[in-house]
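Shown next: protein-v5.txt, containing compact mmCIF, C-alpha atoms and all ligand atoms.
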# COMPACT_ATOMS: atom_id res chain seq x y z
CA MET A 1 21.56 26.85 -62.82
CA ARG A 2 19.99 29.25 -65.29
CA THR A 3 16.43 28.64 -66.39
CA PRO A 4 16.25 28.68 -70.19
CA ARG A 5 13.97 31.48 -71.39
CA ARG A 6 11.79 29.15 -73.39
CA VAL A 7 11.11 27.23 -70.16
CA THR A 8 10.17 30.44 -68.34
CA ASN A 9 7.83 31.40 -71.18
CA LEU A 10 6.21 27.99 -71.26
CA ALA A 11 5.82 27.94 -67.47
CA LEU A 12 4.08 31.30 -67.57
CA LEU A 13 1.75 30.10 -70.32
CA VAL A 14 0.83 26.97 -68.38
CA VAL A 15 0.34 28.86 -65.12
CA VAL A 16 -1.86 31.54 -66.69
CA GLY A 17 -3.86 28.74 -68.34
CA VAL A 18 -4.39 27.15 -64.92
CA VAL A 19 -5.38 30.55 -63.49
CA LEU A 20 -8.00 31.14 -66.19
CA LEU A 21 -9.45 27.63 -65.97
CA SER A 22 -9.61 27.66 -62.16
CA GLY A 23 -11.17 31.14 -62.21
CA LEU A 24 -13.92 29.89 -64.50
CA ALA A 25 -14.23 26.73 -62.40
CA THR A 26 -15.17 28.82 -59.35
CA TRP A 27 -18.35 29.65 -61.27
CA LEU A 28 -19.11 26.11 -62.33
CA VAL A 29 -18.36 23.81 -59.40
CA ALA A 30 -20.90 23.08 -56.67
CA VAL A 31 -20.64 25.24 -53.58
CA PRO A 32 -18.87 22.66 -51.32
CA ALA A 33 -15.96 22.45 -53.79
CA GLN A 34 -15.58 26.23 -53.99
CA ARG A 35 -13.03 26.69 -51.21
CA GLY A 36 -10.44 24.42 -52.82
CA VAL A 37 -10.92 25.77 -56.32
CA ALA A 38 -10.72 29.39 -55.17
CA ALA A 39 -7.57 28.60 -53.18
CA ALA A 40 -5.95 26.87 -56.18
CA HIS A 41 -6.88 29.88 -58.31
CA GLY A 42 -5.41 32.33 -55.80
CA ALA A 43 -2.18 30.34 -55.50
CA ALA A 44 -1.83 30.03 -59.28
CA GLY A 45 -2.42 33.78 -59.56
CA LEU A 46 0.42 34.38 -57.12
CA ALA A 47 2.63 31.97 -59.13
CA VAL A 48 2.27 34.42 -62.03
CA LEU A 49 3.73 37.08 -59.76
CA VAL A 50 6.64 34.80 -58.81
CA LEU A 51 7.43 34.15 -62.49
CA VAL A 52 7.70 37.89 -63.21
CA ARG A 53 11.26 37.82 -61.87
CA TRP A 54 12.27 35.30 -64.58
CA LYS A 55 10.12 36.85 -67.27
CA ALA A 56 11.52 40.37 -66.79
CA PRO A 57 14.73 39.85 -68.84
CA VAL A 58 12.67 38.23 -71.62
CA VAL A 59 10.39 41.28 -71.67
CA ARG A 60 13.34 43.69 -71.70
CA SER A 61 15.02 42.08 -74.67
CA GLY A 62 11.69 41.72 -76.46
CA LEU A 63 11.01 45.44 -76.10
CA ARG A 64 14.40 46.29 -77.56
CA ARG A 65 13.18 44.86 -80.87
CA ALA A 66 10.98 47.52 -82.45
CA ARG A 67 8.19 45.18 -83.61
CA ALA A 68 4.86 46.98 -84.05
CA SER A 69 3.20 43.98 -82.43
CA ARG A 70 5.10 44.59 -79.21
CA TRP A 71 2.24 46.85 -78.12
CA ALA A 72 -0.10 43.88 -78.10
CA SER A 73 2.33 42.12 -75.78
CA VAL A 74 2.52 45.21 -73.57
CA LEU A 75 -1.29 45.27 -73.41
CA LEU A 76 -1.23 41.60 -72.39
CA ALA A 77 1.19 42.45 -69.58
CA VAL A 78 -0.92 45.42 -68.44
CA LEU A 79 -4.11 43.32 -68.37
CA THR A 80 -2.31 40.60 -66.41
CA VAL A 81 -1.10 43.11 -63.83
CA LEU A 82 -4.61 44.60 -63.54
CA ALA A 83 -6.13 41.11 -63.12
CA LEU A 84 -3.60 40.30 -60.38
CA LEU A 85 -4.11 43.61 -58.64
CA SER A 86 -7.92 43.47 -58.77
CA GLY A 87 -7.86 39.83 -57.56
CA VAL A 88 -5.81 40.75 -54.51
CA LEU A 89 -7.83 43.93 -53.82
CA HIS A 90 -11.06 41.95 -53.93
CA SER A 91 -9.89 38.95 -51.93
CA THR A 92 -8.27 41.02 -49.19
CA GLY A 93 -11.26 43.35 -49.15
CA LEU A 94 -8.94 46.37 -49.41
CA ALA A 95 -11.07 47.61 -52.31
CA VAL A 96 -14.23 45.67 -53.08
CA TRP A 97 -15.51 48.53 -55.23
CA ALA A 98 -13.52 49.99 -58.13
CA PRO A 99 -13.65 53.54 -59.47
CA GLY A 100 -16.51 53.84 -61.94
CA GLY A 101 -19.11 52.11 -59.78
CA GLN A 102 -18.30 48.53 -60.78
CA ARG A 103 -17.16 45.93 -58.32
CA THR A 104 -13.45 45.14 -58.27
CA MET A 105 -14.44 41.52 -59.00
CA TRP A 106 -16.18 42.71 -62.17
CA TRP A 107 -12.94 44.30 -63.37
CA HIS A 108 -11.04 41.22 -62.27
CA VAL A 109 -13.11 38.98 -64.51
CA ALA A 110 -13.20 41.55 -67.33
CA THR A 111 -9.41 41.96 -67.46
CA GLY A 112 -8.89 38.21 -66.92
CA LEU A 113 -11.11 37.25 -69.85
CA ALA A 114 -9.91 40.09 -72.10
CA LEU A 115 -6.34 38.84 -71.87
CA LEU A 116 -7.24 35.36 -73.17
CA PRO A 117 -7.26 36.20 -76.92
CA LEU A 118 -4.04 38.21 -76.50
CA LEU A 119 -2.45 35.31 -74.65
CA VAL A 120 -3.36 32.89 -77.45
CA TRP A 121 -1.96 35.28 -80.07
CA HIS A 122 1.17 35.93 -78.01
CA ALA A 123 1.89 32.23 -77.51
CA LEU A 124 1.48 31.53 -81.24
CA ALA A 125 3.32 34.61 -82.52
CA ARG A 126 6.27 34.21 -80.12
CA ARG A 127 6.25 30.42 -80.18
CA GLN A 128 9.35 28.80 -78.69
CA PRO A 129 8.94 25.03 -78.65
CA ALA A 130 10.43 23.26 -75.67
CA ARG A 131 13.28 20.84 -76.27
CA ARG A 132 13.21 17.25 -75.18
CA SER A 133 16.21 18.01 -72.97
CA ASP A 134 14.16 20.66 -71.08
CA LEU A 135 11.99 17.91 -69.68
CA ASP A 136 14.39 16.75 -67.03
CA ARG A 137 14.49 16.33 -63.28
CA ARG A 138 15.46 19.96 -62.79
CA LEU A 139 12.25 21.06 -64.50
CA LEU A 140 10.27 18.89 -62.10
CA LEU A 141 12.13 20.44 -59.15
CA ARG A 142 11.47 23.95 -60.46
CA ALA A 143 7.78 23.22 -61.00
CA GLY A 144 7.52 21.77 -57.51
CA GLY A 145 9.38 24.75 -56.06
CA LEU A 146 7.04 27.17 -57.82
CA ALA A 147 3.97 25.32 -56.52
CA VAL A 148 5.34 25.36 -52.96
CA VAL A 149 6.23 29.06 -53.08
CA ALA A 150 2.85 29.98 -54.60
CA GLY A 151 0.94 27.86 -52.07
CA ALA A 152 2.91 29.35 -49.20
CA GLY A 153 2.32 32.83 -50.61
CA TRP A 154 -1.41 32.20 -50.65
CA LEU A 155 -1.36 30.94 -47.05
CA VAL A 156 0.63 33.98 -45.93
CA LEU A 157 -1.79 36.33 -47.72
CA GLU A 158 -4.84 34.59 -46.20
CA GLY A 159 -3.20 34.60 -42.78
CA ALA A 160 -2.40 38.29 -43.05
CA VAL A 161 -5.99 39.08 -44.10
CA ARG A 162 -7.26 37.28 -40.99
CA ALA A 163 -4.63 38.64 -38.60
CA ALA A 164 -5.26 42.20 -39.77
CA GLY A 165 -9.02 41.68 -39.60
CA LEU A 166 -9.43 42.86 -43.20
CA PRO A 167 -12.93 42.53 -44.72
CA GLY A 168 -11.59 39.66 -46.86
CA ALA A 169 -11.63 37.47 -43.75
CA ARG A 170 -15.45 37.55 -43.93
CA ARG A 171 -15.85 36.54 -47.57
CA ARG A 172 -17.65 33.31 -48.45
CA ALA A 173 -15.98 30.21 -49.90
CA THR A 174 -16.88 31.55 -53.36
CA GLY A 175 -14.99 34.77 -52.59
CA SER A 176 -18.26 36.75 -52.45
CA TYR A 177 -19.19 39.30 -49.78
CA LEU A 178 -22.52 39.09 -47.95
CA GLN A 179 -24.67 42.21 -48.13
CA ALA A 180 -28.10 43.13 -46.75
CA LEU A 181 -29.96 43.06 -50.08
CA PRO A 182 -29.42 41.33 -53.40
CA GLN A 183 -28.01 43.60 -56.04
CA PRO A 184 -30.11 43.80 -59.23
CA THR A 185 -27.87 41.95 -61.66
CA ILE A 186 -28.01 41.25 -65.37
CA TRP A 187 -25.79 38.43 -66.59
CA LEU A 188 -24.51 39.82 -69.89
CA ALA A 189 -26.80 41.61 -72.30
CA ASP A 190 -30.23 40.62 -71.00
CA ARG A 191 -32.72 43.44 -70.19
CA VAL A 192 -34.96 44.24 -67.25
CA PRO A 193 -38.51 44.20 -68.66
CA THR A 194 -40.40 47.49 -68.34
CA GLU A 195 -43.38 47.65 -65.98
CA SER A 196 -45.76 47.53 -68.97
CA ASP A 197 -43.92 44.53 -70.49
CA LEU A 198 -44.50 42.72 -67.23
CA ASP A 199 -48.30 43.11 -67.02
CA ARG A 200 -48.34 41.69 -63.49
CA ASP A 201 -52.11 41.12 -63.35
CA GLY A 202 -52.23 39.20 -66.59
CA TRP A 203 -48.99 37.26 -65.90
CA ARG A 204 -49.13 33.62 -67.02
CA VAL A 205 -46.58 30.84 -66.65
CA ARG A 206 -46.71 28.24 -69.44
CA VAL A 207 -46.28 24.84 -67.81
CA SER A 208 -45.67 21.72 -69.84
CA ASP A 209 -45.13 18.34 -68.15
CA ASP A 210 -46.49 14.77 -68.05
CA GLY A 211 -49.92 16.28 -67.40
CA GLY A 212 -49.85 18.13 -70.74
CA GLU A 213 -49.68 21.85 -71.34
CA ARG A 214 -51.45 24.51 -69.29
CA SER A 215 -51.25 28.17 -68.47
CA VAL A 216 -50.86 29.06 -64.81
CA GLY A 217 -51.82 32.50 -63.51
CA LEU A 218 -50.61 34.15 -60.32
CA ASP A 219 -53.83 33.21 -58.48
CA ASP A 220 -53.33 29.57 -59.58
CA LEU A 221 -49.87 29.75 -58.01
CA ASP A 222 -51.38 31.22 -54.83
CA ALA A 223 -53.72 28.23 -54.62
CA LEU A 224 -50.77 25.80 -54.39
CA PRO A 225 -48.96 25.02 -51.10
CA VAL A 226 -46.65 27.83 -49.98
CA THR A 227 -42.97 27.02 -49.47
CA ARG A 228 -40.62 29.32 -47.58
CA VAL A 229 -36.84 29.03 -47.81
CA ARG A 230 -34.04 30.98 -46.21
CA THR A 231 -30.98 30.78 -48.43
CA VAL A 232 -28.14 32.71 -50.01
CA ILE A 233 -27.98 34.05 -53.55
CA ASP A 234 -24.31 34.26 -54.54
CA CYS A 235 -23.49 36.12 -57.76
CA THR A 236 -20.31 35.49 -59.75
CA SER A 237 -19.66 39.24 -59.65
CA GLY A 238 -18.66 38.95 -55.99
CA TRP A 239 -21.70 39.69 -53.82
CA ALA A 240 -24.07 37.43 -51.91
CA SER A 241 -27.22 37.98 -49.85
CA GLU A 242 -29.18 35.78 -47.46
CA GLN A 243 -32.95 36.20 -47.70
CA GLU A 244 -36.22 34.47 -47.03
CA TRP A 245 -38.09 33.74 -50.24
CA SER A 246 -41.56 32.27 -50.54
CA GLY A 247 -43.54 30.81 -53.39
CA VAL A 248 -44.30 27.43 -54.94
CA ALA A 249 -41.90 24.48 -55.01
CA LEU A 250 -41.29 23.33 -58.57
CA THR A 251 -42.13 19.79 -57.45
CA ASP A 252 -45.56 21.01 -56.22
CA LEU A 253 -46.23 22.73 -59.54
CA LEU A 254 -45.21 19.94 -61.89
CA ARG A 255 -47.38 16.87 -62.50
CA GLY A 256 -44.58 14.48 -63.36
CA THR A 257 -41.45 14.79 -65.47
CA ASP A 258 -41.16 11.22 -66.81
CA ASP A 259 -41.94 12.35 -70.35
CA GLY A 260 -38.64 14.21 -70.71
CA ARG A 261 -35.02 14.33 -69.67
CA SER A 262 -34.83 17.95 -68.48
CA VAL A 263 -36.88 20.86 -67.21
CA VAL A 264 -36.29 24.33 -68.68
CA VAL A 265 -37.13 27.42 -66.69
CA ARG A 266 -37.55 30.35 -69.11
CA SER A 267 -37.68 34.08 -68.62
CA VAL A 268 -39.90 36.38 -70.63
CA THR A 269 -36.63 37.97 -71.81
CA GLY A 270 -35.42 34.75 -73.44
CA TYR A 271 -32.92 33.94 -70.67
CA SER A 272 -33.24 30.32 -69.50
CA ARG A 273 -31.60 27.51 -67.51
CA ARG A 274 -32.12 23.77 -67.82
CA PHE A 275 -32.22 21.29 -64.92
CA ALA A 276 -32.17 17.50 -64.63
CA PRO A 277 -35.44 16.04 -63.26
CA ASP A 278 -33.58 14.75 -60.17
CA GLU A 279 -32.27 18.27 -59.39
CA LEU A 280 -35.70 19.84 -58.91
CA ASP A 281 -35.88 19.32 -55.13
CA GLY A 282 -35.46 22.67 -53.41
CA LEU A 283 -36.11 24.79 -56.51
CA LEU A 284 -38.72 27.43 -55.82
CA LEU A 285 -40.82 29.69 -58.04
CA ALA A 286 -40.71 32.66 -55.69
CA THR A 287 -43.21 35.50 -55.70
CA SER A 288 -41.95 37.26 -52.59
CA MET A 289 -38.74 38.06 -50.73
CA ALA A 290 -38.43 39.15 -47.09
CA GLY A 291 -42.22 39.10 -46.80
CA GLU A 292 -42.77 41.58 -49.66
CA PRO A 293 -43.75 40.99 -53.29
CA LEU A 294 -40.65 40.87 -55.50
CA LEU A 295 -39.33 44.11 -56.94
CA ARG A 296 -39.33 44.32 -60.72
CA VAL A 297 -35.52 44.45 -60.97
CA LEU A 298 -35.30 41.38 -58.73
CA GLY A 299 -37.50 39.23 -60.97
CA ALA A 300 -41.17 40.13 -60.32
CA PRO A 301 -43.66 38.69 -60.52
CA VAL A 302 -42.05 35.22 -60.47
CA ARG A 303 -38.38 34.26 -60.19
CA LEU A 304 -36.53 31.03 -59.61
CA VAL A 305 -34.75 30.44 -56.29
CA ALA A 306 -32.06 27.78 -56.67
CA PRO A 307 -30.41 27.13 -53.26
CA GLY A 308 -26.75 26.12 -53.49
CA ARG A 309 -26.39 27.31 -57.10
CA ARG A 310 -24.64 30.46 -58.27
CA GLY A 311 -26.84 33.46 -59.07
CA PHE A 312 -26.97 32.91 -62.83
CA TRP A 313 -29.25 29.87 -62.26
CA TRP A 314 -31.84 32.05 -60.47
CA VAL A 315 -33.92 32.89 -63.59
CA LYS A 316 -35.92 36.11 -63.18
CA TRP A 317 -39.29 37.00 -64.78
CA VAL A 318 -40.20 33.33 -65.28
CA ASP A 319 -42.93 32.79 -67.89
CA ALA A 320 -42.45 29.10 -68.71
CA VAL A 321 -41.48 25.83 -67.05
CA GLU A 322 -41.24 23.02 -69.57
CA VAL A 323 -40.30 19.36 -69.49
CA GLU A 324 -38.28 18.67 -72.63
CA ALA A 325 -36.67 15.70 -74.35
CA ALA A 326 -33.19 17.29 -74.41
CA PRO A 327 -30.77 16.14 -71.69
CA SER A 328 -29.97 18.63 -68.92
CA TRP A 329 -26.42 19.24 -70.23
CA TRP A 330 -27.87 20.47 -73.52
CA GLN A 331 -27.16 24.13 -72.79
CA PRO A 332 -24.10 26.37 -72.64
CA ALA A 333 -22.29 25.97 -69.28
CA LEU A 334 -22.84 29.70 -68.78
CA PRO A 335 -25.80 31.73 -70.11
CA LEU A 336 -25.09 33.58 -73.37
CA ARG A 337 -27.34 36.59 -72.81
C1 LIG B 1 -4.79 36.02 -65.76
C2 LIG B 1 -5.95 36.21 -65.19
C3 LIG B 1 -6.17 36.14 -63.71
C4 LIG B 1 -5.27 36.33 -62.68
C5 LIG B 1 -3.79 36.67 -62.77
C6 LIG B 1 -5.99 36.12 -61.44
C7 LIG B 1 -5.45 36.22 -60.15
C8 LIG B 1 -6.16 36.24 -58.98
C9 LIG B 1 -5.62 36.52 -57.67
C10 LIG B 1 -4.16 36.82 -57.37
C11 LIG B 1 -6.65 36.46 -56.78
C12 LIG B 1 -6.57 36.66 -55.27
C13 LIG B 1 -6.41 35.29 -54.69
C14 LIG B 1 -6.57 35.18 -53.23
O1 LIG B 1 -5.83 35.84 -52.51
O2 LIG B 1 -7.44 34.41 -52.80
C15 LIG B 1 -7.85 36.12 -57.52
C16 LIG B 1 -9.11 35.95 -56.97
C17 LIG B 1 -10.24 35.52 -57.67
N1 LIG B 1 -10.34 35.32 -59.04
FE1 LIG B 1 -8.84 35.55 -60.36
N2 LIG B 1 -7.30 35.81 -61.74
C18 LIG B 1 -7.45 35.82 -63.12
C19 LIG B 1 -8.61 35.56 -63.83
C20 LIG B 1 -9.84 35.21 -63.27
C21 LIG B 1 -11.02 34.86 -64.02
C22 LIG B 1 -11.11 34.81 -65.55
C23 LIG B 1 -12.00 34.57 -63.09
C24 LIG B 1 -13.42 34.13 -63.30
C25 LIG B 1 -13.94 33.77 -64.46
C26 LIG B 1 -11.44 34.76 -61.77
C27 LIG B 1 -12.12 34.57 -60.58
C28 LIG B 1 -11.62 34.87 -59.32
C29 LIG B 1 -12.37 34.78 -58.09
C30 LIG B 1 -13.83 34.32 -57.94
C31 LIG B 1 -11.51 35.18 -57.06
C32 LIG B 1 -11.85 35.30 -55.56
C33 LIG B 1 -11.34 34.10 -54.86
C34 LIG B 1 -11.35 34.32 -53.38
O3 LIG B 1 -11.67 35.43 -52.94
O4 LIG B 1 -11.04 33.38 -52.64
N3 LIG B 1 -10.12 35.15 -61.93
N4 LIG B 1 -7.53 36.00 -58.86
N1 LIG B 2 -33.88 36.73 -66.94
C1 LIG B 2 -32.74 36.88 -66.25
N2 LIG B 2 -32.57 36.24 -65.08
C2 LIG B 2 -31.42 36.40 -64.36
C3 LIG B 2 -30.37 37.24 -64.84
C4 LIG B 2 -30.55 37.87 -66.10
O1 LIG B 2 -29.69 38.62 -66.59
N3 LIG B 2 -31.76 37.69 -66.76
N4 LIG B 2 -29.21 37.39 -64.09
C5 LIG B 2 -28.88 36.28 -63.18
C6 LIG B 2 -27.78 36.63 -62.27
S1 LIG B 2 -26.21 36.67 -62.94
C7 LIG B 2 -27.96 36.79 -60.93
S2 LIG B 2 -26.66 36.99 -59.87
C8 LIG B 2 -29.32 36.87 -60.36
C9 LIG B 2 -29.42 38.23 -59.68
O2 LIG B 2 -30.63 38.33 -59.02
P1 LIG B 2 -31.07 39.75 -58.43
O3 LIG B 2 -31.10 40.71 -59.58
O4 LIG B 2 -32.38 39.47 -57.80
O5 LIG B 2 -30.03 40.13 -57.44
O6 LIG B 2 -30.34 36.75 -61.33
C10 LIG B 2 -30.09 35.82 -62.36
N5 LIG B 2 -31.28 35.73 -63.19
MO MO B 3 -24.72 36.86 -61.23
Kindly transcribe the structure held in the file into structure tokens.
Ligand code: HEM
Ligand SMILES: Nc1nc2c(c(=O)[nH]1)N[C@H]1C(S)=C(S)[C@@H](COP(=O)(O)O)O[C@H]1N2
Ligand SMILES: [Mo]
Amino acid sequence: MRTPRRVTNLALLVVVGVVLLSGLATWLVAVPAQRGVAAAHGAAGLAVLVLVRWKAPVVRSGLRRARASRWASVLLAVLTVLALLSGVLHSTGLAVWAPGGQRTMWWHVATGLALLPLLVWHALARRQPARRSDLDRRLLLRAGGLAVVAGAGWLVLEGAVRAAGLPGARRRATGSYLQALPQPTIWLADRVPTESDLDRDGWRVRVSDDGGERSVGLDDLDALPVTRVRTVIDCTSGWASEQEWSGVALTDLLRGTDDGRSVVVRSVTGYSRRFAPDELDGLLLATSMAGEPLLRVLGAPVRLVAPGRRGFWWVKWVDAVEVEAAPSWWQPALPLR
């Protein structure tokens, strides 16, 4: 039984959609759910590979037509191959670093996201609507078969990584690799403040809560109870590091949050993250790591430590903590700077 080409094309579109959504989901779901999401993502990624065999004839006949726009489709294919390759290189640990000094995971995400606009264009420009008759029992069997083969492929790959003792066997549920020290990391286009921008001695944190508004200096922070926490920072770019941080618990700093529906932690750079009042337990305004004052690149003089949350929640160079009326979901799911 031949698979109609339009069915192959549609299957590939759906599968790549699942791959992109599950990839993003690994950044958004809470840490306990990571394992399952990352596994689903890996399996869906391998399903793309399986579909190549059916897509190949479609590609060949497409390339025989000398459309100028075929180069955009070729670029889409190249980016997809690079995303697949970098995903497998990262997850197996065969190459955690890529040429050029970036992590393989960085290239994985970069190629994965870059292909999205091309994919949307490709699907619209080469649209081939499915027919009602395509939606039959055979389609269900094929979809089930693909899921089984992809799942089995993922299990075999994971098993091989473990059996061969590849570094990938030691990665965390998020896919990240533990390393001795955190890596200074900027989310997108934020900037590390210069030493003179920081003015450590004159550093103030603007605090606004049920007790009104006040300005808290570093010695005021020192006067509050010290909290120490040993926890892991896990960046979406594929590294993680376990450290002991110490500083002041947000709940020890704030005098009530009943006047608002969220608490914003802001950086002097403009970067910020918003939390629900019932999520404040465990959040720490840290002033030191591993017994030493924070380094500038790692958020000195004050940075947020957010155990169990991905690195992008760990706001560096904190200069304000404010209870606000806006609900906690009133922010982009991922920072925009
Ligand atoms: C079409 C685009 C993409 C393809 C084909 C793809 C494919 C893959 C593959 C094959 C793996 C290895 C799976 C494994 O063996 O566990 C992987 C890992 C991973 N991908 Fe993607 N991916 C894509 C886009 C993305 C995007 C956009 C993100 C994030 C926004 C992402 C995040 C991840 C993460 C975190 C891992 C590591 C999971 C682990 O180590 O268990 N991927 N990807
Ligand atoms: N102000 C600010 N805080 C930030 C970032 C940023 O770009 N600007 N990057 C975040 C990201 S993505 C991570 S992983 C951690 C990295 O912390 P580190 O530089 O101490 O390793 O800081 C977070 N806090
Ligand atoms: Mo990060």
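Counting only C-alpha atoms, the residue from A:Gly159, A:Gly212, A:Pro332, A:Gly299 that sits nearest to A:Pro184 is A:Gly299.
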Checklist line | Surrounding residues of A:Asp219 excluding itself and chain neighbours under 4 positions, 12 Å, all atoms listed in the file, as an MDAnalysis selection string | finding: chainID A and resid 200:205 215 223:224 247:248 287 301
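Across the structure, atom CA of A:Leu334 and atom CA of A:Val315 are spaced 12.6 Å apart.
Residue nearest ligand LIG 1 (chain B), chosen from A:Asp134, A:Glu324, A:Glu213, A:Asp234 and counting all atoms listed in the file: A:Asp234.
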Next item on the list: Excluding stretch 23-26 of chain A and any residue of its chain fewer than 2 positions from it, enumerate the residues within 12 Å of it, using only C-alpha atoms, and give them as a PyMOL selection string.
Entry: chain A and resi 16-21+28-45+83+87+105+108-110+112-113+173-176+234-238+309-310+333-334
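Here atom CA of A:Leu12 is placed at a distance of 29.2 Å from atom CA of A:Ala169.
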Could you work out an axis-aligned box for stretch 18-21 of chain A, taking every atom the file lists and adding 4 Å on each side, and report centre and edge lengths in Å to one decimal, as JSON?
{"center_x": -6.9, "center_y": 29.1, "center_z": -64.8, "size_x": 13.1, "size_y": 12.0, "size_z": 10.7}
Shell around A:Leu94 at 8 Å using all atoms listed in the file, local window under 6 positions removed, as a CSV table (one decimal) with C-alpha atoms, in the frame of the given file:
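Resulting contents of part30.csv:
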chain,number,residue,atom,x,y,z
A,166,LEU,CA,-9.4,42.9,-43.2
A,167,PRO,CA,-12.9,42.5,-44.7
A,168,GLY,CA,-11.6,39.7,-46.9
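Relative to atom CA of A:Leu119, atom CA of A:Arg70 is found at 12.8 Å.
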Checklist line | Shell of 7 Å around stretch 249-264 of chain A, all atoms listed in the file, local chain residues under 3 positions omitted, as a list in words | finding: Asp209, Asp210, Gly211, Thr227, Ser272, Arg273, Arg274, Phe275, Ala276, Pro277, Leu280, Asp281, Gly282, Leu283, Leu284, Leu285, Val321, Glu322, Val323, Glu324, Ala325, Ala326, Pro327 and Ser328 of chain A
If you keep C-alpha atoms, can you produce a file of those selected residues as a PDB file, in the coordinates of the input?
ATOM      1  CA  ASP A 209     -45.130  18.340 -68.150  1.00  0.00           C
ATOM      2  CA  ASP A 210     -46.490  14.770 -68.050  1.00  0.00           C
ATOM      3  CA  GLY A 211     -49.920  16.280 -67.400  1.00  0.00           C
ATOM      4  CA  THR A 227     -42.970  27.020 -49.470  1.00  0.00           C
ATOM      5  CA  SER A 272     -33.240  30.320 -69.500  1.00  0.00           C
ATOM      6  CA  ARG A 273     -31.600  27.510 -67.510  1.00  0.00           C
ATOM      7  CA  ARG A 274     -32.120  23.770 -67.820  1.00  0.00           C
ATOM      8  CA  PHE A 275     -32.220  21.290 -64.920  1.00  0.00           C
ATOM      9  CA  ALA A 276     -32.170  17.500 -64.630  1.00  0.00           C
ATOM     10  CA  PRO A 277     -35.440  16.040 -63.260  1.00  0.00           C
ATOM     11  CA  LEU A 280     -35.700  19.840 -58.910  1.00  0.00           C
ATOM     12  CA  ASP A 281     -35.880  19.320 -55.130  1.00  0.00           C
ATOM     13  CA  GLY A 282     -35.460  22.670 -53.410  1.00  0.00           C
ATOM     14  CA  LEU A 283     -36.110  24.790 -56.510  1.00  0.00           C
ATOM     15  CA  LEU A 284     -38.720  27.430 -55.820  1.00  0.00           C
ATOM     16  CA  LEU A 285     -40.820  29.690 -58.040  1.00  0.00           C
ATOM     17  CA  VAL A 321     -41.480  25.830 -67.050  1.00  0.00           C
ATOM     18  CA  GLU A 322     -41.240  23.020 -69.570  1.00  0.00           C
ATOM     19  CA  VAL A 323     -40.300  19.360 -69.490  1.00  0.00           C
ATOM     20  CA  GLU A 324     -38.280  18.670 -72.630  1.00  0.00           C
ATOM     21  CA  ALA A 325     -36.670  15.700 -74.350  1.00  0.00           C
ATOM     22  CA  ALA A 326     -33.190  17.290 -74.410  1.00  0.00           C
ATOM     23  CA  PRO A 327     -30.770  16.140 -71.690  1.00  0.00           C
ATOM     24  CA  SER A 328     -29.970  18.630 -68.920  1.00  0.00           C
TER      25      SER A 328
END
Go through chain A and flag each residue having an atom no more than 9 Å from ligand LIG 2 (chain B); for those, report the closest pair of atoms plus their distance in Å to one decimal, using all atoms listed in the file, ordered by chain and rising number, as a Markdown table.
| residue | atom | partner | partner_atom | distance |
| --- | --- | --- | --- | --- |
| A:Leu181 | CA | B:LIG2 | O5 | 7.9 |
| A:Pro182 | CA | B:LIG2 | O5 | 4.3 |
| A:Gln183 | CA | B:LIG2 | O5 | 4.3 |
| A:Pro184 | CA | B:LIG2 | O3 | 3.3 |
| A:Thr185 | CA | B:LIG2 | O3 | 4.0 |
| A:Ile186 | CA | B:LIG2 | O1 | 3.4 |
| A:Trp187 | CA | B:LIG2 | O1 | 3.9 |
| A:Leu188 | CA | B:LIG2 | O1 | 6.3 |
| A:Ala189 | CA | B:LIG2 | O1 | 7.1 |
| A:Asp190 | CA | B:LIG2 | O1 | 4.9 |
| A:Arg191 | CA | B:LIG2 | O1 | 6.7 |
| A:Val192 | CA | B:LIG2 | N3 | 7.3 |
| A:Pro193 | CA | B:LIG2 | N1 | 9.0 |
| A:Ile233 | CA | B:LIG2 | S2 | 7.1 |
| A:Asp234 | CA | B:LIG2 | S2 | 6.4 |
| A:Cys235 | CA | B:LIG2 | S2 | 3.9 |
| A:Thr236 | CA | B:LIG2 | S2 | 6.5 |
| A:Ser237 | CA | B:LIG2 | S2 | 7.4 |
| A:Trp239 | CA | B:LIG2 | S2 | 8.3 |
| A:Ala240 | CA | B:LIG2 | S2 | 8.4 |
| A:Ser241 | CA | B:LIG2 | O5 | 8.4 |
| A:Arg266 | CA | B:LIG2 | N1 | 7.7 |
| A:Ser267 | CA | B:LIG2 | N1 | 4.9 |
| A:Val268 | CA | B:LIG2 | N1 | 7.1 |
| A:Thr269 | CA | B:LIG2 | N1 | 5.7 |
| A:Gly270 | CA | B:LIG2 | N1 | 7.0 |
| A:Tyr271 | CA | B:LIG2 | N1 | 4.8 |
| A:Ser272 | CA | B:LIG2 | N1 | 6.9 |
| A:Leu294 | CA | B:LIG2 | O4 | 8.7 |
| A:Leu295 | CA | B:LIG2 | O4 | 8.4 |
| A:Arg296 | CA | B:LIG2 | O4 | 9.0 |
| A:Val297 | CA | B:LIG2 | O3 | 6.0 |
| A:Leu298 | CA | B:LIG2 | O4 | 3.6 |
| A:Gly299 | CA | B:LIG2 | O4 | 6.0 |
| A:Arg303 | CA | B:LIG2 | N5 | 7.8 |
| A:Leu304 | CA | B:LIG2 | N5 | 7.9 |
| A:Arg310 | CA | B:LIG2 | S2 | 7.0 |
| A:Gly311 | CA | B:LIG2 | S2 | 3.6 |
| A:Phe312 | CA | B:LIG2 | S1 | 3.8 |
| A:Trp313 | CA | B:LIG2 | C10 | 6.0 |
| A:Trp314 | CA | B:LIG2 | C10 | 4.6 |
| A:Val315 | CA | B:LIG2 | N5 | 3.9 |
| A:Lys316 | CA | B:LIG2 | N2 | 3.9 |
| A:Trp317 | CA | B:LIG2 | N1 | 5.8 |
| A:Val318 | CA | B:LIG2 | N1 | 7.4 |
| A:Pro335 | CA | B:LIG2 | O1 | 8.7 |
| A:Arg337 | CA | B:LIG2 | O1 | 7.0 |
